[in-house]
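Source file run19.txt; content: compact mmCIF, C-alpha atoms and all ligand atoms.
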# COMPACT_ATOMS: atom_id res chain seq x y z
CA MET B 1 152.75 64.98 -40.08
CA GLU B 2 153.01 62.49 -37.25
CA LYS B 3 154.78 59.32 -38.32
CA THR B 4 153.48 55.82 -37.54
CA ASP B 5 155.45 53.21 -35.58
CA ILE B 6 155.61 50.65 -38.40
CA LEU B 7 156.96 47.74 -36.30
CA SER B 8 153.83 47.86 -34.14
CA LEU B 9 151.43 47.18 -37.03
CA ARG B 10 149.89 43.75 -37.59
CA ILE B 11 150.09 42.60 -41.20
CA ASN B 12 146.48 43.56 -41.98
CA GLU B 13 147.03 47.00 -40.43
CA LEU B 14 150.16 47.49 -42.52
CA GLU B 15 148.27 46.42 -45.66
CA GLU B 16 145.59 49.03 -44.98
CA ALA B 17 148.20 51.72 -44.41
CA ILE B 18 150.11 50.83 -47.60
CA VAL B 19 146.94 50.72 -49.73
CA SER B 20 145.91 54.10 -48.37
CA LEU B 21 149.24 55.47 -49.68
CA GLY B 22 148.10 54.36 -53.15
CA GLU B 23 150.43 51.35 -53.28
CA LYS B 24 149.70 47.70 -54.06
CA LYS B 25 148.73 45.46 -51.16
CA PHE B 26 151.50 42.88 -51.77
CA ARG B 27 154.08 45.58 -50.99
CA ALA B 28 152.95 45.40 -47.37
CA ILE B 29 154.00 41.75 -47.18
CA GLN B 30 157.42 42.61 -48.58
CA ILE B 31 157.86 45.36 -46.02
CA TYR B 32 156.60 43.18 -43.18
CA GLU B 33 159.14 40.49 -44.07
CA TRP B 34 161.95 43.05 -44.14
CA LEU B 35 160.92 44.21 -40.67
CA HIS B 36 160.07 40.98 -38.91
CA LYS B 37 161.97 38.24 -40.77
CA LYS B 38 165.12 40.02 -41.94
CA ARG B 39 164.78 42.57 -39.14
CA VAL B 40 166.29 45.55 -40.96
CA VAL B 41 166.68 48.82 -39.09
CA SER B 42 166.12 51.27 -41.97
CA PHE B 43 163.91 51.68 -45.01
CA GLU B 44 167.06 52.03 -47.15
CA GLN B 45 167.78 48.35 -46.62
CA MET B 46 164.49 47.32 -48.30
CA THR B 47 166.19 46.87 -51.63
CA ASN B 48 163.32 45.28 -53.55
CA LEU B 49 161.34 48.52 -53.21
CA SER B 50 161.97 51.52 -55.45
CA LEU B 51 164.00 54.38 -54.01
CA GLU B 52 161.00 56.66 -54.42
CA PHE B 53 158.77 54.31 -52.41
CA ARG B 54 161.40 53.93 -49.68
CA ILE B 55 161.52 57.71 -49.33
CA LYS B 56 157.74 57.83 -49.16
CA LEU B 57 157.79 55.18 -46.43
CA SER B 58 160.29 57.15 -44.37
CA GLN B 59 158.00 60.19 -44.63
CA HIS B 60 155.02 58.29 -43.20
CA PHE B 61 156.58 55.76 -40.85
CA TYR B 62 159.50 55.30 -38.50
CA ILE B 63 161.30 52.12 -37.36
CA GLU B 64 161.55 52.00 -33.57
CA GLN B 65 164.92 51.18 -31.95
CA LEU B 66 166.30 49.98 -28.63
CA ASN B 67 169.78 50.70 -27.35
CA ILE B 68 171.80 48.46 -25.08
CA VAL B 69 172.91 50.35 -21.95
CA LYS B 70 174.25 47.39 -19.97
CA LYS B 71 174.81 43.73 -20.65
CA LEU B 72 175.60 41.40 -17.76
CA GLU B 73 176.64 37.81 -18.38
CA SER B 74 176.49 35.26 -15.61
CA SER B 75 179.60 33.19 -15.13
CA ILE B 76 177.54 30.50 -13.40
CA ASP B 77 174.88 29.53 -15.92
CA ASN B 78 175.10 31.62 -19.16
CA THR B 79 172.21 33.85 -18.18
CA ILE B 80 172.45 37.26 -19.87
CA LYS B 81 170.69 40.33 -18.64
CA TYR B 82 170.19 43.41 -20.84
CA LEU B 83 169.28 46.90 -19.76
CA TYR B 84 167.80 48.67 -22.79
CA ARG B 85 167.12 52.39 -23.26
CA LEU B 86 163.88 53.23 -25.05
CA SER B 87 163.85 56.09 -27.53
CA ASP B 88 162.24 58.43 -24.95
CA GLY B 89 164.97 57.73 -22.37
CA ASN B 90 163.07 55.21 -20.20
CA HIS B 91 164.70 51.90 -19.37
CA ILE B 92 163.58 48.28 -19.45
CA GLU B 93 165.20 44.91 -18.85
CA CYS B 94 165.16 41.51 -20.42
CA VAL B 95 166.87 38.27 -19.49
CA VAL B 96 168.12 35.35 -21.59
CA MET B 97 167.94 32.03 -19.72
CA GLU B 98 169.32 28.68 -20.82
CA TYR B 99 167.31 25.56 -20.08
CA ILE B 100 167.84 21.97 -21.22
CA HIS B 101 164.98 22.28 -23.72
CA GLY B 102 166.10 25.62 -25.21
CA THR B 103 166.75 29.30 -24.68
CA SER B 104 164.08 31.45 -23.10
CA LEU B 105 163.74 35.24 -23.12
CA CYS B 106 162.00 37.09 -20.32
CA ILE B 107 160.68 40.40 -21.65
CA SER B 108 159.20 43.56 -20.16
CA THR B 109 155.76 44.86 -21.13
CA GLN B 110 155.77 48.25 -19.37
CA ALA B 111 158.35 50.80 -18.23
CA GLY B 112 157.74 50.40 -14.52
CA CYS B 113 154.60 48.95 -12.98
CA LYS B 114 151.48 50.24 -11.18
CA MET B 115 150.60 47.04 -9.35
CA GLY B 116 152.59 47.73 -6.19
CA CYS B 117 153.47 44.13 -5.16
CA ASN B 118 155.74 44.89 -2.25
CA PHE B 119 158.38 42.17 -2.85
CA CYS B 120 158.94 43.28 -6.47
CA ALA B 121 161.68 45.70 -7.57
CA SER B 122 159.84 46.61 -10.80
CA THR B 123 157.19 48.58 -9.00
CA ILE B 124 159.37 50.53 -6.58
CA ALA B 125 160.40 53.24 -9.04
CA GLY B 126 156.77 53.60 -10.11
CA PHE B 127 155.06 53.44 -13.47
CA LYS B 128 156.21 55.39 -16.52
CA ARG B 129 154.27 54.08 -19.50
CA ASN B 130 153.09 51.12 -21.54
CA LEU B 131 155.46 49.59 -24.08
CA MET B 132 154.45 49.55 -27.72
CA PRO B 133 154.33 46.19 -29.55
CA SER B 134 157.48 47.31 -31.40
CA GLU B 135 159.35 47.72 -28.10
CA MET B 136 158.41 44.20 -27.00
CA LEU B 137 159.40 42.71 -30.37
CA LEU B 138 162.70 44.60 -30.37
CA GLN B 139 163.67 43.00 -27.06
CA LEU B 140 163.64 39.72 -29.00
CA TYR B 141 165.21 41.08 -32.20
CA GLU B 142 168.02 43.02 -30.50
CA THR B 143 168.77 40.28 -28.01
CA GLU B 144 169.03 37.62 -30.71
CA ARG B 145 171.17 39.94 -32.82
CA ASP B 146 173.54 40.91 -30.03
CA SER B 147 173.84 37.56 -28.25
CA GLY B 148 173.86 35.38 -31.36
CA ARG B 149 171.52 33.02 -29.52
CA LYS B 150 168.30 31.68 -30.99
CA ILE B 151 165.39 32.22 -28.62
CA SER B 152 162.97 29.31 -28.53
CA SER B 153 160.47 30.56 -25.95
CA ILE B 154 159.30 33.84 -24.47
CA VAL B 155 157.95 34.63 -21.03
CA LEU B 156 156.14 37.91 -20.37
CA MET B 157 157.53 38.10 -16.86
CA GLY B 158 159.86 41.08 -16.98
CA ILE B 159 158.98 44.58 -15.81
CA GLY B 160 155.29 45.45 -15.93
CA GLU B 161 151.87 43.84 -15.82
CA PRO B 162 151.08 42.47 -19.31
CA LEU B 163 147.30 42.51 -18.82
CA ASP B 164 147.51 46.20 -17.85
CA ASN B 165 148.87 46.80 -21.38
CA TYR B 166 146.37 44.43 -22.94
CA GLU B 167 145.90 45.75 -26.50
CA ASN B 168 149.61 46.22 -27.16
CA VAL B 169 150.42 42.78 -25.75
CA LEU B 170 147.82 41.20 -28.07
CA SER B 171 149.36 42.99 -31.08
CA PHE B 172 152.78 41.79 -29.95
CA LEU B 173 151.53 38.18 -29.74
CA ASP B 174 149.88 38.39 -33.18
CA ILE B 175 153.03 39.79 -34.82
CA LEU B 176 155.34 37.36 -33.00
CA SER B 177 153.30 34.36 -34.11
CA SER B 178 152.56 35.49 -37.68
CA GLU B 179 153.89 33.24 -40.44
CA LYS B 180 155.39 36.18 -42.30
CA GLY B 181 157.27 37.23 -39.17
CA THR B 182 159.08 35.29 -36.46
CA ASN B 183 156.40 32.56 -36.68
CA MET B 184 156.80 31.57 -33.03
CA SER B 185 154.05 29.26 -31.85
CA LEU B 186 152.20 30.77 -28.89
CA ARG B 187 152.67 27.36 -27.23
CA HIS B 188 156.17 28.67 -26.57
CA VAL B 189 154.92 31.82 -24.85
CA SER B 190 153.95 32.30 -21.19
CA LEU B 191 152.12 35.34 -19.92
CA SER B 192 152.31 36.12 -16.22
CA THR B 193 149.72 38.23 -14.43
CA CYS B 194 149.17 39.39 -10.87
CA GLY B 195 145.48 38.68 -11.48
CA LEU B 196 143.56 41.28 -13.51
CA VAL B 197 140.38 39.24 -13.52
CA ASP B 198 138.41 41.12 -16.18
CA LYS B 199 141.29 40.73 -18.62
CA ILE B 200 141.71 37.00 -17.82
CA TYR B 201 138.11 36.53 -19.05
CA GLU B 202 138.84 38.50 -22.22
CA LEU B 203 142.05 36.61 -22.90
CA ALA B 204 140.30 33.25 -22.38
CA LYS B 205 137.88 34.09 -25.20
CA LYS B 206 140.80 34.63 -27.59
CA LYS B 207 141.79 30.96 -27.14
CA TYR B 208 145.48 31.59 -27.69
CA GLY B 209 147.67 28.55 -27.06
CA LEU B 210 149.88 30.40 -24.59
CA THR B 211 150.47 29.37 -20.99
CA LEU B 212 148.88 31.64 -18.42
CA SER B 213 150.88 32.04 -15.21
CA VAL B 214 149.10 33.58 -12.25
CA SER B 215 151.11 35.17 -9.46
CA LEU B 216 149.31 33.88 -6.39
CA HIS B 217 151.99 34.14 -3.68
CA ALA B 218 149.59 33.66 -0.76
CA SER B 219 147.08 31.12 0.46
CA ASN B 220 144.39 33.43 1.87
CA ASP B 221 143.01 36.90 1.19
CA GLU B 222 144.34 38.48 4.35
CA ASP B 223 147.95 37.56 3.57
CA ARG B 224 147.66 38.26 -0.15
CA SER B 225 146.22 41.74 0.40
CA LYS B 226 149.23 42.60 2.55
CA ILE B 227 151.74 41.87 -0.20
CA MET B 228 149.68 42.42 -3.38
CA PRO B 229 147.36 45.45 -3.49
CA ILE B 230 145.49 43.99 -6.51
CA ASN B 231 143.95 41.48 -4.09
CA LYS B 232 141.83 44.28 -2.62
CA VAL B 233 140.24 44.71 -6.05
CA TYR B 234 139.95 41.04 -7.03
CA GLY B 235 140.12 38.57 -4.15
CA ILE B 236 141.35 34.99 -4.41
CA GLY B 237 137.84 33.55 -4.89
CA GLU B 238 137.14 35.77 -7.90
CA LEU B 239 140.62 35.14 -9.29
CA LEU B 240 140.29 31.36 -9.11
CA LYS B 241 136.83 31.52 -10.69
CA ALA B 242 138.37 33.37 -13.65
CA CYS B 243 141.17 30.78 -13.77
CA ARG B 244 138.66 27.91 -13.96
CA TYR B 245 136.90 29.73 -16.79
CA TYR B 246 140.24 30.20 -18.58
CA ILE B 247 141.05 26.49 -18.31
CA ASN B 248 137.59 25.50 -19.59
CA GLU B 249 137.71 27.89 -22.53
CA THR B 250 141.26 27.17 -23.67
CA GLY B 251 141.87 23.58 -22.54
CA ARG B 252 145.22 24.77 -21.14
CA ARG B 253 146.31 24.29 -17.58
CA ILE B 254 147.36 27.29 -15.52
CA SER B 255 150.65 27.73 -13.75
CA PHE B 256 150.42 29.38 -10.31
CA GLU B 257 153.52 31.22 -9.16
CA TYR B 258 154.25 31.16 -5.45
CA ALA B 259 157.28 33.18 -4.30
CA LEU B 260 158.17 31.60 -1.00
CA MET B 261 159.02 34.15 1.71
CA GLU B 262 160.21 33.05 5.09
CA GLY B 263 157.72 33.81 7.85
CA ILE B 264 155.26 35.35 5.39
CA ASN B 265 153.73 32.54 3.36
CA ASP B 266 155.75 29.39 4.06
CA SER B 267 153.97 27.76 7.03
CA LYS B 268 152.31 24.34 7.11
CA LYS B 269 148.97 26.18 7.41
CA ASN B 270 149.76 28.07 4.20
CA ALA B 271 150.57 24.83 2.40
CA ASP B 272 147.33 23.20 3.59
CA GLU B 273 145.28 26.24 2.55
CA LEU B 274 146.91 26.20 -0.86
CA ILE B 275 146.07 22.53 -1.32
CA SER B 276 142.41 23.11 -0.58
CA LEU B 277 142.29 26.22 -2.81
CA LEU B 278 143.82 24.51 -5.84
CA LYS B 279 142.49 20.98 -5.49
CA GLY B 280 140.58 19.95 -8.60
CA ILE B 281 141.94 22.82 -10.73
CA ASN B 282 143.98 21.68 -13.75
CA CYS B 283 147.13 23.47 -12.72
CA HIS B 284 150.72 23.42 -11.75
CA VAL B 285 152.39 25.26 -8.87
CA ASN B 286 155.76 26.89 -9.45
CA ILE B 287 157.54 27.69 -6.22
CA ILE B 288 160.06 30.50 -6.54
CA PRO B 289 162.49 31.04 -3.67
CA VAL B 290 161.98 34.81 -3.30
CA ASN B 291 164.74 36.88 -4.87
CA LYS B 292 166.29 39.26 -2.41
CA ILE B 293 165.87 42.90 -3.35
CA LYS B 294 167.79 45.68 -1.74
CA GLU B 295 164.78 47.66 -0.54
CA ARG B 296 163.04 44.78 1.27
CA ASP B 297 163.88 42.16 3.81
CA TYR B 298 162.20 39.10 2.29
CA ARG B 299 164.20 35.87 2.38
CA ALA B 300 163.73 32.32 1.21
CA ASP B 301 164.84 29.51 3.44
CA ARG B 302 166.17 26.59 1.32
CA LYS B 303 164.94 23.94 3.73
CA SER B 304 161.47 25.36 3.92
CA VAL B 305 161.28 25.52 0.10
CA ALA B 306 161.83 21.75 -0.13
CA ASN B 307 159.52 21.10 2.79
CA PHE B 308 156.73 23.29 1.38
CA ALA B 309 157.01 21.63 -2.03
CA SER B 310 156.78 18.20 -0.51
CA ILE B 311 153.63 19.03 1.48
CA LEU B 312 151.96 20.31 -1.70
CA GLU B 313 152.97 17.20 -3.61
CA LYS B 314 151.62 14.92 -0.92
CA GLY B 315 148.41 16.95 -1.09
CA GLY B 316 148.09 16.00 -4.76
CA LEU B 317 149.35 19.18 -6.50
CA ASN B 318 151.80 19.29 -9.40
CA VAL B 319 154.80 21.22 -8.12
CA THR B 320 158.13 22.47 -9.43
CA VAL B 321 160.72 24.59 -7.69
CA ARG B 322 162.19 27.25 -9.96
CA ARG B 323 165.93 27.09 -10.37
CA THR B 324 167.74 30.27 -9.48
CA LEU B 325 169.41 31.64 -12.62
CA GLY B 326 171.81 34.54 -12.96
CA ALA B 327 172.29 34.85 -9.20
CA ASP B 328 175.55 36.75 -9.76
CA ILE B 329 174.03 39.37 -12.11
CA ASN B 330 171.00 40.67 -10.28
CA ALA B 331 168.62 38.85 -12.59
CA ALA B 332 165.45 39.41 -10.53
CA CYS B 333 163.09 41.69 -12.40
CA GLY B 334 163.48 45.39 -12.16
CA GLN B 335 166.66 45.53 -10.11
CA LEU B 336 168.95 46.71 -12.88
CA ARG B 337 166.60 49.44 -14.08
CA ARG B 338 166.05 50.55 -10.52
CA GLU B 339 169.80 50.82 -9.83
CA HIS B 340 170.53 52.56 -13.12
CA GLU B 341 167.80 55.15 -12.64
CA ALA B 342 168.88 55.74 -9.04
CA GLU B 343 172.46 56.41 -10.23
CA ALA B 344 171.37 58.79 -13.01
N1 LIG F 1 153.16 41.56 -13.43
C1 LIG F 1 153.25 40.19 -13.80
C2 LIG F 1 154.53 39.80 -14.48
C3 LIG F 1 155.83 40.37 -13.98
S1 LIG F 1 156.54 39.72 -12.52
C4 LIG F 1 152.96 39.31 -12.60
O1 LIG F 1 152.76 39.84 -11.51
O2 LIG F 1 152.88 38.10 -12.75
C5 LIG F 1 157.00 38.08 -12.89
C6 LIG F 1 156.96 37.16 -11.68
O3 LIG F 1 158.04 37.43 -10.78
C7 LIG F 1 155.68 37.29 -10.89
O4 LIG F 1 155.24 36.02 -10.47
C8 LIG F 1 156.16 38.12 -9.70
O5 LIG F 1 155.29 38.04 -8.63
C9 LIG F 1 157.54 37.52 -9.46
N2 LIG F 1 158.42 38.32 -8.63
C10 LIG F 1 158.53 39.65 -8.53
N3 LIG F 1 159.46 40.00 -7.62
C11 LIG F 1 159.97 38.85 -7.14
C12 LIG F 1 160.97 38.55 -6.17
N4 LIG F 1 161.63 39.51 -5.51
N5 LIG F 1 161.23 37.25 -5.94
C13 LIG F 1 160.57 36.27 -6.60
N6 LIG F 1 159.62 36.51 -7.52
C14 LIG F 1 159.31 37.77 -7.79

Taking this structure as input, can you express it in the form of C-alpha cells?
Amino acid sequence: MEKTDILSLRINELEEAIVSLGEKKFRAIQIYEWLHKKRVVSFEQMTNLSLEFRIKLSQHFYIEQLNIVKKLESSIDNTIKYLYRLSDGNHIECVVMEYIHGTSLCISTQAGCKMGCNFCASTIAGFKRNLMPSEMLLQLYETERDSGRKISSIVLMGIGEPLDNYENVLSFLDILSSEKGTNMSLRHVSLSTCGLVDKIYELAKKKYGLTLSVSLHASNDEDRSKIMPINKVYGIGELLKACRYYINETGRRISFEYALMEGINDSKKNADELISLLKGINCHVNIIPVNKIKERDYRADRKSVANFASILEKGGLNVTVRRTLGADINAACGQLRREHEAEA
C-alpha cells in the first residue's frame, strides 16, 4: 500500500483520511497539532493516541523529513543559509535574514526551475520537480529547530517559481496560516513570481492577504524577452493588466522587483519607461543590485543604483533599494545547490 505524506494534508483532508480509517474526527485535530504545532518527527511521539492507533497511522502515512547538508552563517549580518537534502536526494536552499522588524525566511518551492531567467542561478541546473507542501513547511520547521530563531515572516523567493507549483503552494499557505498549526498571518508572507499571468488571476480570486511580488527586471518587452523567456508568453502589457486586476480584487499593493544590471536595464531611458509603465498602479518598486553569479557576467554599479532609484522617486514611484545580506555566504538563490550538485 502506498503511504500518504501526512504533513502535506490540510486539516479537512486529514479529517477525511482519519474518518475513513474508522476513527473519530477529533483525532485528526490531535494529530495535526502534533505535526504542525509541536512538530514531532514520528508517530511514536504522539503520546495521547493509543499504541495501536499509532501503529495504524504509520501503516497508512509517513512523516516527510529534510536533512541539513550545509549551513553557512554570515559573519557580517547574521544571515544563515541552509542547503537541505530532500528524501529523494534532490537539494534545495533556504535563507534566514534578520531585519529590524523581525526574522524572515526565504524558502524554495521547487527543486530547480523551468523559467530560464538568465541572471538566475536557480534555473541553470534545470528543473527537477515540484516541492510538496510538507517540504515547504519543513524548511520553516527545521530551520527554526536548528537555528533556535523564531521566524516572523516568509518570502517565497528561493529556488523555483511558486505559481508553477500552484496547488502545492496553496496547500502550504493554508497549513501555514491555520490556527491549529503555525497560525502565521498571510500578511507576513510574500510570494514572488516571474509573471505567470493566468495564475495571478486565479490567486487574486482567492483574496489571500499575502504580498505579491512581481519580478519585472526590464522596462520594455524587447529587453525583458532577452533576459526572461516568460516574457515571450506573457508580455509586459498583459502582465500589468493582471497586476491591476490583482490589486483591485485584493486591495493589496504589488511589489515590483527590479534587479539592476549595469548596461542592461539601468539607463535613464529605462527609468523613464518604468515610470510611465507603473504610473497610477498602487505599487512599490524594489531595486535589487544584481547578485553576481559565477556563470554570468552581470554586475550592479552602486552609483547607478542610487541614481536610478532617485529618478524613479522623482517620477512619483515608491522605491526601496534592497540591502545586500549574506554577501560572504553566497546567499543569492540557487548558488549553493548549483555548487553542491556540480561537486557531486
Ligand atoms: N521565480 C520567482 C521567485 C524566485 S526568484 C520569481 O521569479 O520571482 C526571487 C527573486 O530573485 C526574483 O525577483 C528573481 O528575479 C531574483 N533574482 C534571481 N537571480 C538574481 C540575481 N542574480 N540577482 C538579483 N536578483 C535575482

| said: Which residues are near ligand LIG 1 (chain F) in this structure, taking near to mean any atom at most 6 Å from a ligand atom and counting only C-alpha atoms and all ligand atoms? Format them as a VMD selection string. | reply: chain B and resid 119 to 120 157 to 161 192 to 194 214 to 215 257 259 288 290 to 293

For stretch 134-216 of chain B versus stretch 244-251 of chain B, which residues have an atom no more than 8 Å away, and what is each residue's nearest atom pair and distance in Å rounded to one decimal, using only C-alpha atoms, chain-then-number order, as a tab-separated table?
residue	atom	partner	partner_atom	distance
B:Ile200	CA	B:Tyr246	CA	7.0
B:Tyr201	CA	B:Tyr246	CA	6.7
B:Leu203	CA	B:Tyr246	CA	7.9
B:Ala204	CA	B:Tyr246	CA	4.9
B:Lys205	CA	B:Glu249	CA	6.8
B:Lys207	CA	B:Thr250	CA	5.2
B:Tyr208	CA	B:Thr250	CA	7.3
B:Gly209	CA	B:Thr250	CA	7.4

May I have the residues from that selection written out with C-alpha atoms, as an mmCIF file, in the coordinates of the input?
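Result file selection-v8.cif:
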data_model
loop_
_atom_site.group_PDB
_atom_site.id
_atom_site.type_symbol
_atom_site.label_atom_id
_atom_site.label_comp_id
_atom_site.auth_asym_id
_atom_site.auth_seq_id
_atom_site.Cartn_x
_atom_site.Cartn_y
_atom_site.Cartn_z
ATOM 1 C CA ILE B 200 141.710 37.000 -17.820
ATOM 2 C CA TYR B 201 138.110 36.530 -19.050
ATOM 3 C CA LEU B 203 142.050 36.610 -22.900
ATOM 4 C CA ALA B 204 140.300 33.250 -22.380
ATOM 5 C CA LYS B 205 137.880 34.090 -25.200
ATOM 6 C CA LYS B 207 141.790 30.960 -27.140
ATOM 7 C CA TYR B 208 145.480 31.590 -27.690
ATOM 8 C CA GLY B 209 147.670 28.550 -27.060
#

| query | Which is closer to B:Gly315 than all the others in B:Arg149, B:Lys268, B:Arg338, B:Arg296, using all atoms listed in the file? | reply | B:Lys268

Take every atom of stretch 192-211 of chain B listed in the file, pad by 6 Å on each side, and give me the axis-aligned box centre and edge lengths in Å, one decimal, as JSON.
{"center_x": 145.1, "center_y": 34.9, "center_z": -19.3, "size_x": 26.4, "size_y": 24.7, "size_z": 28.8}

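You can rank B:Leu210, B:Cys117, B:Leu9, B:Ala309 by their closest distance to B:Val189 using only C-alpha atoms, and at the top of that list sits B:Leu210.
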
| task | Find the residues with any atom within 12 Å of (178.9, 34.7, -18.3); use only C-alpha atoms and the coordinates as given in the file, and write the answer as a list in words. | result |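 All residues meeting the 12 Å criterion around (178.9, 34.7, -18.3) are Lys71, Leu72, Glu73, Ser74, Ser75, Ile76, Asp77, Asn78, Thr79, Ile80, Lys81, Val96, Met97, Glu98, Ser147, Leu325, Gly326, Ala327, Asp328 and Ile329 of chain B.
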
| Minimum-distance residue to B:Ala125, chosen among B:Arg224, B:Ala306, B:Glu295, B:Gly235 (using all atoms listed in the file) | B:Glu295

| request: Give the answer as one residue: which of B:Leu137, B:Ala300, B:Leu49, B:Leu196 has the shortest atom-to-atom distance to B:Gln65, using all atoms listed in the file? | output: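 Answer, going by the shortest atom-to-atom distance: B:Leu137.
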
| note | For B:Arg322, the closest of B:Phe127, B:Phe172, B:Tyr99, B:Tyr166 counting only C-alpha atoms is B:Tyr99

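For the atom pair formed by atom CA of B:Glu167 and atom CA of B:Asn183, the distance is 19.7 Å, given to one decimal.
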
| remark: Of B:Glu2, B:Lys70, B:Ser255, B:Pro289, the one nearest to B:Thr324 when counting all atoms listed in the file is B:Pro289

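Note that atom CA of B:Ile281 and atom CA of B:Arg253 are 8.3 Å apart.
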
| task | Using all atoms listed in the file, determine which residues lie at most 10 Å from B:Val197, disregarding the query and same-chain residues fewer than 4 positions distant; provide the list as a list in words. | result |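 Listed by chain and then number, they are Leu163, Thr193, Tyr201, Glu202, Leu203, Ile230, Val233, Tyr234, Gly235, Glu238, Leu239, Leu240, Lys241, Ala242 and Cys243 of chain B.
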